[in-house]
file my_file.cif (mmCIF, C-alpha atoms)
data_entry
#
loop_
_atom_site.label_atom_id
_atom_site.label_comp_id
_atom_site.auth_asym_id
_atom_site.auth_seq_id
_atom_site.Cartn_x
_atom_site.Cartn_y
_atom_site.Cartn_z
CA ASP N 1 0.00 0.00 0.00
CA ILE N 2 1.11 3.56 -0.69
CA GLN N 3 1.80 5.57 2.47
CA MET N 4 1.09 9.29 2.40
CA THR N 5 3.04 11.44 4.86
CA GLN N 6 1.99 15.04 5.45
CA SER N 7 4.03 17.72 7.12
CA PRO N 8 3.65 19.53 9.32
CA SER N 9 0.94 17.82 11.40
CA ALA N 10 -0.10 21.20 12.76
CA MET N 11 0.88 24.80 12.31
CA SER N 12 0.02 28.24 13.61
CA ALA N 13 -0.38 31.05 11.14
CA SER N 14 -1.84 34.54 10.86
CA VAL N 15 -4.25 36.05 8.37
CA GLY N 16 -2.28 37.09 5.33
CA ASP N 17 0.46 34.50 5.79
CA ARG N 18 1.66 32.26 2.99
CA VAL N 19 1.09 28.66 4.07
CA THR N 20 2.71 25.58 2.57
CA ILE N 21 1.79 21.98 3.37
CA THR N 22 3.75 19.05 2.00
CA CYS N 23 2.64 15.53 1.21
CA ARG N 24 5.08 12.74 0.41
CA ALA N 25 4.12 9.42 -1.18
CA SER N 26 6.02 6.23 -0.38
CA GLN N 27 6.19 5.47 -4.11
CA GLY N 28 5.55 7.38 -7.30
CA ILE N 29 1.94 8.31 -7.96
CA SER N 30 2.41 10.53 -11.02
CA ASN N 31 0.01 13.45 -10.45
CA TYR N 32 -2.83 11.41 -8.88
CA LEU N 33 -3.02 13.56 -5.78
CA ALA N 34 -5.94 15.50 -4.33
CA TRP N 35 -6.21 17.96 -1.46
CA PHE N 36 -9.20 18.27 0.86
CA GLN N 37 -10.18 20.87 3.43
CA GLN N 38 -12.24 19.93 6.47
CA LYS N 39 -13.64 22.30 9.08
CA PRO N 40 -14.82 21.02 12.48
CA GLY N 41 -18.12 19.16 12.21
CA LYS N 42 -18.23 19.59 8.43
CA VAL N 43 -17.89 17.34 5.41
CA PRO N 44 -14.51 17.26 3.65
CA LYS N 45 -14.33 19.48 0.60
CA ARG N 46 -12.05 18.79 -2.34
CA LEU N 47 -9.87 21.76 -3.22
CA ILE N 48 -7.50 20.35 -5.81
CA TYR N 49 -7.23 17.20 -7.90
CA ALA N 50 -4.61 15.89 -10.32
CA SER N 51 -2.01 17.62 -8.12
CA SER N 52 -2.66 21.13 -9.42
CA THR N 53 -6.17 21.45 -10.86
CA LEU N 54 -8.38 23.72 -8.81
CA GLN N 55 -11.88 22.44 -8.09
CA THR N 56 -14.56 24.74 -9.50
CA GLY N 57 -15.41 27.49 -7.05
CA VAL N 58 -12.25 27.19 -4.96
CA PRO N 59 -10.47 30.54 -4.48
CA SER N 60 -7.33 31.10 -6.51
CA ARG N 61 -5.25 31.67 -3.37
CA PHE N 62 -5.12 27.86 -3.17
CA SER N 63 -2.65 26.11 -5.44
CA GLY N 64 -1.09 22.69 -5.71
CA SER N 65 2.06 21.38 -7.28
CA GLY N 66 4.19 18.30 -7.53
CA SER N 67 4.54 14.98 -9.26
CA GLY N 68 5.90 11.57 -8.43
CA THR N 69 6.39 11.50 -4.68
CA GLU N 70 6.50 15.14 -3.50
CA PHE N 71 3.46 17.42 -3.47
CA THR N 72 2.66 20.81 -2.06
CA LEU N 73 -0.50 22.71 -1.18
CA THR N 74 0.01 26.46 -0.93
CA ILE N 75 -2.35 29.11 0.39
CA SER N 76 -0.93 32.38 -0.89
CA SER N 77 -2.61 34.65 1.66
CA LEU N 78 -4.39 32.91 4.52
CA GLN N 79 -7.94 34.09 5.13
CA PRO N 80 -10.03 33.64 8.30
CA GLU N 81 -12.15 30.96 6.64
CA ASP N 82 -9.05 28.90 5.79
CA PHE N 83 -8.37 27.78 9.35
CA ALA N 84 -9.12 24.08 9.01
CA THR N 85 -7.53 20.66 8.64
CA TYR N 86 -6.11 19.71 5.25
CA TYR N 87 -5.67 16.19 3.90
CA CYS N 88 -3.92 14.83 0.86
CA LEU N 89 -5.22 11.71 -0.89
CA GLN N 90 -3.55 9.54 -3.50
CA HIS N 91 -5.94 8.25 -6.17
CA TYR N 92 -3.24 6.41 -8.13
CA ASN N 93 -4.30 2.97 -7.01
CA TYR N 94 -6.22 1.00 -4.39
CA PRO N 95 -6.33 1.08 -1.49
CA ARG N 96 -6.72 4.83 -1.63
CA THR N 97 -4.72 6.43 1.18
CA PHE N 98 -5.01 9.77 2.93
CA GLY N 99 -2.29 11.69 4.66
CA GLN N 100 -2.72 12.08 8.41
CA GLY N 101 -3.85 15.68 8.09
CA THR N 102 -2.42 19.15 8.76
CA LYS N 103 -4.30 21.38 11.18
CA VAL N 104 -3.88 25.07 10.42
CA GLU N 105 -4.60 27.09 13.54
CA MET N 106 -4.69 30.78 14.24
CA LYS N 107 -1.50 32.19 15.74
CA GLU Y 8 -27.72 19.32 -8.08
CA VAL Y 9 -25.67 16.35 -6.93
CA GLU Y 10 -26.78 15.00 -3.56
CA LEU Y 11 -25.60 12.03 -1.50
CA VAL Y 12 -27.53 11.13 1.64
CA GLU Y 13 -26.29 8.42 3.99
CA SER Y 14 -28.47 6.57 6.47
CA GLY Y 15 -28.39 3.52 8.70
CA GLY Y 16 -25.89 4.58 11.32
CA ARG Y 17 -26.75 3.74 14.91
CA LEU Y 18 -25.44 2.14 18.08
CA ALA Y 19 -24.40 -1.47 17.54
CA GLN Y 20 -22.82 -4.11 19.75
CA PRO Y 21 -19.35 -5.54 19.18
CA GLY Y 22 -19.69 -8.56 16.91
CA GLY Y 23 -22.93 -7.20 15.50
CA SER Y 24 -23.96 -6.16 12.01
CA LEU Y 25 -25.19 -3.02 10.34
CA ARG Y 26 -26.14 -1.91 6.84
CA LEU Y 27 -25.46 1.60 5.68
CA SER Y 28 -27.15 3.18 2.67
CA CYS Y 29 -26.27 6.15 0.49
CA ALA Y 30 -29.03 7.58 -1.70
CA ALA Y 31 -27.75 9.43 -4.77
CA SER Y 32 -29.52 12.03 -6.86
CA GLY Y 33 -28.76 14.78 -9.34
CA PHE Y 34 -26.42 12.76 -11.55
CA ASN Y 35 -26.34 9.59 -13.63
CA PHE Y 36 -25.54 7.20 -10.76
CA GLU Y 37 -24.86 4.20 -13.00
CA SER Y 38 -21.99 6.03 -14.68
CA TYR Y 39 -19.92 6.61 -11.54
CA GLY Y 40 -17.88 4.54 -9.15
CA MET Y 41 -18.52 5.14 -5.47
CA ASN Y 42 -16.50 5.05 -2.27
CA TRP Y 43 -17.00 4.77 1.47
CA VAL Y 44 -14.72 6.85 3.68
CA ARG Y 45 -14.85 6.96 7.47
CA GLN Y 46 -13.60 9.21 10.23
CA ALA Y 47 -13.23 8.04 13.81
CA PRO Y 48 -13.91 10.66 16.51
CA GLY Y 49 -11.09 13.19 16.56
CA LYS Y 50 -9.13 11.30 13.92
CA GLY Y 51 -8.29 11.65 10.24
CA LEU Y 52 -10.00 10.39 7.12
CA GLU Y 53 -9.76 6.70 6.23
CA TRP Y 54 -10.79 5.34 2.84
CA ILE Y 55 -12.44 1.93 3.29
CA SER Y 56 -14.08 0.74 0.09
CA TYR Y 57 -14.79 1.34 -3.59
CA ILE Y 58 -17.17 -0.14 -6.15
CA SER Y 59 -17.05 0.54 -9.86
CA ASN Y 60 -20.10 1.64 -11.83
CA THR Y 61 -20.43 -1.85 -13.34
CA GLU Y 62 -19.87 -3.58 -9.96
CA ARG Y 63 -17.06 -5.59 -11.58
CA SER Y 64 -14.42 -3.95 -9.47
CA ARG Y 65 -14.50 -3.72 -5.67
CA HIS Y 66 -11.69 -2.79 -3.31
CA TYR Y 67 -11.36 -2.72 0.46
CA ALA Y 68 -8.98 -1.39 3.07
CA ASP Y 69 -7.22 -4.13 5.04
CA SER Y 70 -8.96 -2.88 8.19
CA VAL Y 71 -12.38 -3.98 6.88
CA LYS Y 72 -11.57 -6.70 4.35
CA GLY Y 73 -13.56 -9.85 5.00
CA ARG Y 74 -15.96 -8.04 7.34
CA PHE Y 75 -17.51 -5.30 5.17
CA THR Y 76 -19.16 -5.68 1.75
CA ILE Y 77 -19.86 -2.85 -0.64
CA SER Y 78 -22.72 -3.08 -3.13
CA ARG Y 79 -24.97 -0.87 -5.19
CA ASP Y 80 -28.39 -0.88 -6.83
CA SER Y 81 -28.48 1.37 -9.87
CA ALA Y 82 -32.25 0.94 -10.19
CA LYS Y 83 -32.58 2.57 -6.77
CA ASN Y 84 -29.65 4.98 -7.20
CA SER Y 85 -28.25 3.61 -3.98
CA LEU Y 86 -24.92 2.51 -2.52
CA TYR Y 87 -24.65 0.15 0.43
CA LEU Y 88 -22.12 -1.00 3.00
CA GLU Y 89 -22.85 -4.25 4.79
CA MET Y 90 -20.86 -4.28 8.02
CA THR Y 91 -20.40 -7.48 10.03
CA SER Y 92 -18.23 -8.57 12.97
CA LEU Y 93 -18.24 -4.98 14.16
CA ARG Y 94 -15.45 -3.80 16.44
CA VAL Y 95 -15.20 -0.87 18.81
CA GLU Y 96 -12.62 0.63 16.45
CA ASP Y 97 -15.24 0.75 13.66
CA THR Y 98 -16.88 3.62 15.54
CA ALA Y 99 -16.83 6.54 13.10
CA ILE Y 100 -18.76 8.81 10.82
CA TYR Y 101 -19.21 7.01 7.50
CA TYR Y 102 -19.29 9.08 4.33
CA CYS Y 103 -20.10 8.03 0.79
CA ALA Y 104 -18.09 9.87 -1.84
CA ARG Y 105 -18.34 9.88 -5.60
CA GLU Y 106 -15.52 8.69 -7.84
CA GLU Y 107 -15.07 10.54 -11.10
CA THR Y 108 -13.09 8.72 -13.80
CA TRP Y 109 -11.11 11.72 -14.93
CA SER Y 110 -10.68 13.65 -11.67
CA GLY Y 111 -10.61 10.89 -9.11
CA THR Y 112 -12.05 10.51 -5.64
CA GLY Y 113 -14.33 12.74 -3.66
CA ASP Y 114 -15.73 15.48 -5.87
CA TYR Y 115 -18.99 15.06 -3.93
CA TRP Y 116 -19.58 13.72 -0.41
CA GLY Y 117 -22.61 12.93 1.67
CA GLN Y 118 -23.14 14.48 5.08
CA GLY Y 119 -22.17 11.24 6.83
CA THR Y 120 -23.86 8.79 9.19
CA LEU Y 121 -22.56 7.95 12.66
CA VAL Y 122 -21.85 4.35 13.62
CA THR Y 123 -21.11 3.69 17.27
CA VAL Y 124 -19.92 0.24 18.31
CA SER Y 125 -20.14 -0.25 22.05
CA SER Y 126 -21.44 -2.71 24.59
#
call {"tool": "encode", "arguments": {"input": "my_file.cif", "output": "structure tokens"}}
result
Amino acid sequence: DIQMTQSPSAMSASVGDRVTITCRASQGISNYLAWFQQKPGKVPKRLIYASSTLQTGVPSRFSGSGSGTEFTLTISSLQPEDFATYYCLQHYNYPRTFGQGTKVEMK
Amino acid sequence: EVELVESGGRLAQPGGSLRLSCAASGFNFESYGMNWVRQAPGKGLEWISYISNTERSRHYADSVKGRFTISRDSAKNSLYLEMTSLRVEDTAIYYCAREETWSGTGDYWGQGTLVTVSS
């Protein structure tokens, strides 16, 4: 099974900060990587798929990059509504595997 | 509008069984694969099962293999998860999530249904 390792597990940031979250796959997954945002008590929401394609309606301050084993989610200027937990997911093969999550908290 | 609505979650005893349902609407259900994803209290997301649109392909996480069975009924636009030999560690919110061939997993999710396994 492919292991997905996210870093950091948690971070503190301020409104306006540039935030970068990394996801590493235990083997190459081409660009079959998605990013999800989940707020407390809410359903996960897909932000990005195919490593860098923005889901319709997602603000352009979110971006994704990477291929193979190293991937990055970047929030260019953190907004109050962006404080949440973020998960990566590989959809290269089965079993699908999520990263352990990165909680972005207010500094 | 795409909508996924899960049901069937409740309190169950260890060793017991439960059947979850996911009612789909707003899209051509028979053209899409479907997944079940769960989230234990305070924990991260865990993918547990997938079924293709034709039912020819099914996959399971090791944690549920041999105990859970995924199925679907395209005539009823419904996805199911038959859960047997339940364990305390199966306690979680269970979500159904759509699989899109060209963009992958999870473009749409249901609101989830809570399964609690406890004596």
call {"tool": "interface_residues", "arguments": {"input": "my_file.cif", "of": "chain N", "to": "chain Y", "cutoff": "7 Å", "atoms": "all atoms listed in the file", "output": "list of chain:residue names"}}
result
N:Val43, N:Arg46, N:Tyr49, N:Ala50, N:His91, N:Tyr94, N:Pro95, N:Arg96, N:Thr97, N:Phe98, N:Gln100, N:Gly101
call {"tool": "resolve_selection", "arguments": {"input": "my_file.cif", "expression": "the PyMOL selection byres ((chain N and resi 105) around 7)", "output": "PyMOL selection string"}}
result
chain N and resi 11-13+83+103-104+106-107
call {"tool": "resolve_selection", "arguments": {"input": "my_file.cif", "expression": "the PyMOL selection byres ((chain Y and resi 82-89) around 8)", "output": "ChimeraX atom specification"}}
result
/Y:24-32,36-37,41,43,75-81,90-91
call {"tool": "write_last_selection", "arguments": {"input": "my_file.cif", "atoms": "C-alpha atoms", "output": "PDB file, keeping the file's coordinate frame"}}
result
ATOM      1  CA  SER Y  24     -23.960  -6.160  12.010  1.00  0.00           C
ATOM      2  CA  LEU Y  25     -25.190  -3.020  10.340  1.00  0.00           C
ATOM      3  CA  ARG Y  26     -26.140  -1.910   6.840  1.00  0.00           C
ATOM      4  CA  LEU Y  27     -25.460   1.600   5.680  1.00  0.00           C
ATOM      5  CA  SER Y  28     -27.150   3.180   2.670  1.00  0.00           C
ATOM      6  CA  CYS Y  29     -26.270   6.150   0.490  1.00  0.00           C
ATOM      7  CA  ALA Y  30     -29.030   7.580  -1.700  1.00  0.00           C
ATOM      8  CA  ALA Y  31     -27.750   9.430  -4.770  1.00  0.00           C
ATOM      9  CA  SER Y  32     -29.520  12.030  -6.860  1.00  0.00           C
ATOM     10  CA  PHE Y  36     -25.540   7.200 -10.760  1.00  0.00           C
ATOM     11  CA  GLU Y  37     -24.860   4.200 -13.000  1.00  0.00           C
ATOM     12  CA  MET Y  41     -18.520   5.140  -5.470  1.00  0.00           C
ATOM     13  CA  TRP Y  43     -17.000   4.770   1.470  1.00  0.00           C
ATOM     14  CA  PHE Y  75     -17.510  -5.300   5.170  1.00  0.00           C
ATOM     15  CA  THR Y  76     -19.160  -5.680   1.750  1.00  0.00           C
ATOM     16  CA  ILE Y  77     -19.860  -2.850  -0.640  1.00  0.00           C
ATOM     17  CA  SER Y  78     -22.720  -3.080  -3.130  1.00  0.00           C
ATOM     18  CA  ARG Y  79     -24.970  -0.870  -5.190  1.00  0.00           C
ATOM     19  CA  ASP Y  80     -28.390  -0.880  -6.830  1.00  0.00           C
ATOM     20  CA  SER Y  81     -28.480   1.370  -9.870  1.00  0.00           C
ATOM     21  CA  MET Y  90     -20.860  -4.280   8.020  1.00  0.00           C
ATOM     22  CA  THR Y  91     -20.400  -7.480  10.030  1.00  0.00           C
TER      23      THR Y  91
END
call {"tool": "atom_distance", "arguments": {"input": "my_file.cif", "atom1": "atom CA of Y:Leu18", "atom2": "atom CA of N:Lys42"}}
result
21.2 Å
call {"tool": "atom_distance", "arguments": {"input": "my_file.cif", "atom1": "atom CA of N:Ser52", "atom2": "atom CA of N:Thr74"}}
result
10.4 Å
call {"tool": "atom_distance", "arguments": {"input": "my_file.cif", "atom1": "atom CA of Y:Gly15", "atom2": "atom CA of Y:Arg45"}}
result
14.0 Å
